[in-house]
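As structure tokens, the structure follows; a few thoughts come after it.
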Amino acid sequence: MKLYPAIDLKDGKCVRLLQGDYNEVTVYGNNPGEMAKKWESLGGDFLHIVDLDGAKAGRGINGDAIRQIVDAVEIPIELGGGIRSIDDIKVQLERGVNRVILGSAAIKNKALVKEAIDTFGAEKIVVGVDAKGGMVAVEGWLEVTDTTALSFCKELEKMGVQTVIYTDIAKDGMMQGPNIEETKKLVDETNLQIIASGGVSSLEDLKALEVIGVHGAIIGKAIYTGAIQLEEAVALFKA
């Protein structure tokens with residue numbers, strides 16, 4: 001199971017939000033490049049970056065911070081937030097990002113997902129599926145749709161998507177453990193590589209995710225608060 005240390009960017013700083021609430025912000029650092037280096041030095045082998053301002057505005061905002069991160073580390077980077085078009089994807093890939101995450105854009109514009117995969121290859125495109133009560137949420141989590149996460153994932157699989165990041169919004173930033181039950185459904189009922197996100201707060205949570213067969217887990221708040229020591233977690237899941 002791959003571990004993905006997360007860096008969320010807002011106003012050029014490294015922050016965490018509580019349940020995606022832009023009014024519940026904790027700043028953990030003013031230098032994204034240094035933060036990226038730190039997680040790389042502790043054994044992180046893939047960084048998960050989200051441009052929070054971009055997600056809200058519908059266009060890339062934290063370009064300078066993303067460039068800092070790309071320049072600072074050797075490990076691959078995936079990026080989400082505000083990526084809404086083929087041109088947006090191209091800009092990020094040319095900037096040195098290894099793969100991009102399509103979020104709200106994917107459910108509202110399925111043709112974009114298909115075109116992105118045809119243009120750049122499935123290994124460069126990840127779809128972020130954010131859910132609340134099993135239903136897909138969009139627009140920086142501000143709007144819940146009437147589509148279930150499972151039916152959406154099955155549709156994505158048919159379109160050639162290989163990797164999905166599944167976030168349970170109710171769990172995100174709450175340090176109460178991931179939604180194992182909903183995540184397991186996606187692992188069991190699709191052939192997608194599922195990366196679990198939201199709520200990981202302990203090594204036990206990571207072990208529980210490994211048991212259900214997820215491809216990877218994103219760790220955010222837990223590594224910032226020290227609830228999980230990244231080095232220890234990396235050693236555990238590489239063993």
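How things are named: the first chain in the structure tokens is A, the next is B, and so on; residues count from 1 in each chain; ligands count from 1 in the order shown.
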
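The environment of Ile194 of chain A within 7 Å, counting only C-alpha atoms and disregarding residues fewer than 5 places along the same chain, consists of Thr163, Val164, Ile165, Tyr166, Val187, Val214, His215 and Gly216 of chain A.
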
task: List the neighbours of segment 5-10 of chain A out to 9 Å using only C-alpha atoms; skip same-chain residues closer than 6 positions along the sequence, and give me the result as a ChimeraX atom specification.
output: /A:16-17,27,32,35-36,39-40,44-54,61-62,65-66,217-221,223,230

Could you dump the residues just selected with C-alpha atoms as a compact mmCIF listing (two decimals), in the first residue's frame?
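Saved as part27.txt:
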# COMPACT_ATOMS: atom_id res chain seq x y z
CA ARG A 16 -5.42 21.82 6.64
CA LEU A 17 -9.17 22.38 6.57
CA VAL A 27 -1.69 26.88 8.84
CA PRO A 32 5.56 24.54 0.53
CA MET A 35 7.33 20.96 3.57
CA ALA A 36 7.56 18.77 0.46
CA TRP A 39 7.89 14.46 3.66
CA GLU A 40 10.28 13.20 0.99
CA GLY A 44 7.13 9.63 1.36
CA ASP A 45 7.24 8.26 -2.16
CA PHE A 46 4.37 10.20 -3.76
CA LEU A 47 3.07 13.64 -2.76
CA HIS A 48 -0.62 14.54 -2.87
CA ILE A 49 -1.07 18.28 -3.45
CA VAL A 50 -4.36 20.19 -3.47
CA ASP A 51 -4.73 23.79 -4.60
CA LEU A 52 -7.62 24.73 -2.29
CA ASP A 53 -7.97 28.23 -3.73
CA GLY A 54 -8.04 26.66 -7.18
CA ILE A 61 -4.26 29.75 -8.19
CA ASN A 62 -1.19 28.51 -6.29
CA ALA A 65 3.80 27.20 -4.56
CA ILE A 66 3.35 24.22 -6.91
CA ALA A 217 -3.79 6.02 1.51
CA ILE A 218 -3.49 9.78 1.76
CA ILE A 219 -2.29 11.06 5.12
CA GLY A 220 -2.93 14.68 5.96
CA LYS A 221 -3.67 16.06 9.39
CA ILE A 223 1.33 13.69 9.99
CA LEU A 230 5.51 9.17 8.50

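Among the candidates A:Gly177, A:Lys38, A:Gly43, A:Glu189, the one nearest to Glu232 of chain A when counting only C-alpha atoms is A:Gly43.
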
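Taking atom CA of Pro76 of chain A as the reference point, atom CA of Asn98 of chain A is found at 5.7 Å.
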
message: Please report the interatomic distance between atom CA of Leu93 of chain A and atom CA of Tyr224 of chain A in Å with one decimal.
response: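 Answer for the atom CA of Leu93 of chain A to atom CA of Tyr224 of chain A separation: 27.4 Å.
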
field: Long-range neighbours of segment 104-115 of chain A as a PyMOL selection string, 6 Å cut-off, only C-alpha atoms, 3 positions minimum in chain
entry: chain A and resi 84+118-119+138-139

Once you have the residues from the selection above, write them out as a PDB file, in the first residue's frame, restricted to C-alpha atoms.
ATOM      1  CA  ARG A  84     -11.127  21.982 -15.440  1.00  0.00           C
ATOM      2  CA  ASP A 118      -6.978   9.623 -24.641  1.00  0.00           C
ATOM      3  CA  THR A 119      -4.627  12.631 -24.760  1.00  0.00           C
ATOM      4  CA  VAL A 138     -18.788  18.548  -5.978  1.00  0.00           C
ATOM      5  CA  GLU A 139     -17.657  22.180  -6.079  1.00  0.00           C
TER       6      GLU A 139
END

Test item: residues at most 9 Å from Gln92 of chain A, only C-alpha atoms, excluding those fewer than 6 positions along its chain, as an mmCIF file with N, CA and C atoms, in the first residue's frame:
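For reference, part.cif as written:
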data_model
loop_
_atom_site.group_PDB
_atom_site.id
_atom_site.type_symbol
_atom_site.label_atom_id
_atom_site.label_comp_id
_atom_site.auth_asym_id
_atom_site.auth_seq_id
_atom_site.Cartn_x
_atom_site.Cartn_y
_atom_site.Cartn_z
ATOM 1 N N GLY A 63 0.097 28.581 -8.352
ATOM 2 C CA GLY A 63 1.124 28.138 -9.296
ATOM 3 C C GLY A 63 2.539 28.249 -8.751
ATOM 4 N N ILE A 66 3.228 25.533 -6.233
ATOM 5 C CA ILE A 66 3.346 24.222 -6.910
ATOM 6 C C ILE A 66 4.722 24.110 -7.572
ATOM 7 N N LEU A 79 -1.573 16.309 -8.360
ATOM 8 C CA LEU A 79 -2.134 17.618 -8.024
ATOM 9 C C LEU A 79 -3.604 17.702 -8.389
ATOM 10 N N ILE A 83 -8.588 22.157 -11.733
ATOM 11 C CA ILE A 83 -8.208 21.645 -13.058
ATOM 12 C C ILE A 83 -9.491 21.281 -13.806
ATOM 13 N N ASN A 98 3.345 14.994 -11.966
ATOM 14 C CA ASN A 98 3.332 13.677 -12.625
ATOM 15 C C ASN A 98 1.952 13.217 -13.041
ATOM 16 N N ARG A 99 0.945 13.565 -12.237
ATOM 17 C CA ARG A 99 -0.414 13.242 -12.661
ATOM 18 C C ARG A 99 -1.377 14.236 -12.036
ATOM 19 N N VAL A 100 -2.489 14.442 -12.703
ATOM 20 C CA VAL A 100 -3.456 15.428 -12.216
ATOM 21 C C VAL A 100 -4.728 14.733 -11.759
#

task: Going by DSSP on the backbone, which bits of segment 44-229 of chain A are strand (DSSP E)? Write them as a ChimeraX atom specification, please.
output: /A:47-51,77-80,99-102,125-132,135-138,143-148,163-168,193-197,216-219

- request: Calculate how many Å separate atom CA of Thr147 of chain A from atom CA of Met135 of chain A, rounding to one decimal.
  value: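 About the pair atom CA of Thr147 of chain A and atom CA of Met135 of chain A: they are 5.6 Å apart.
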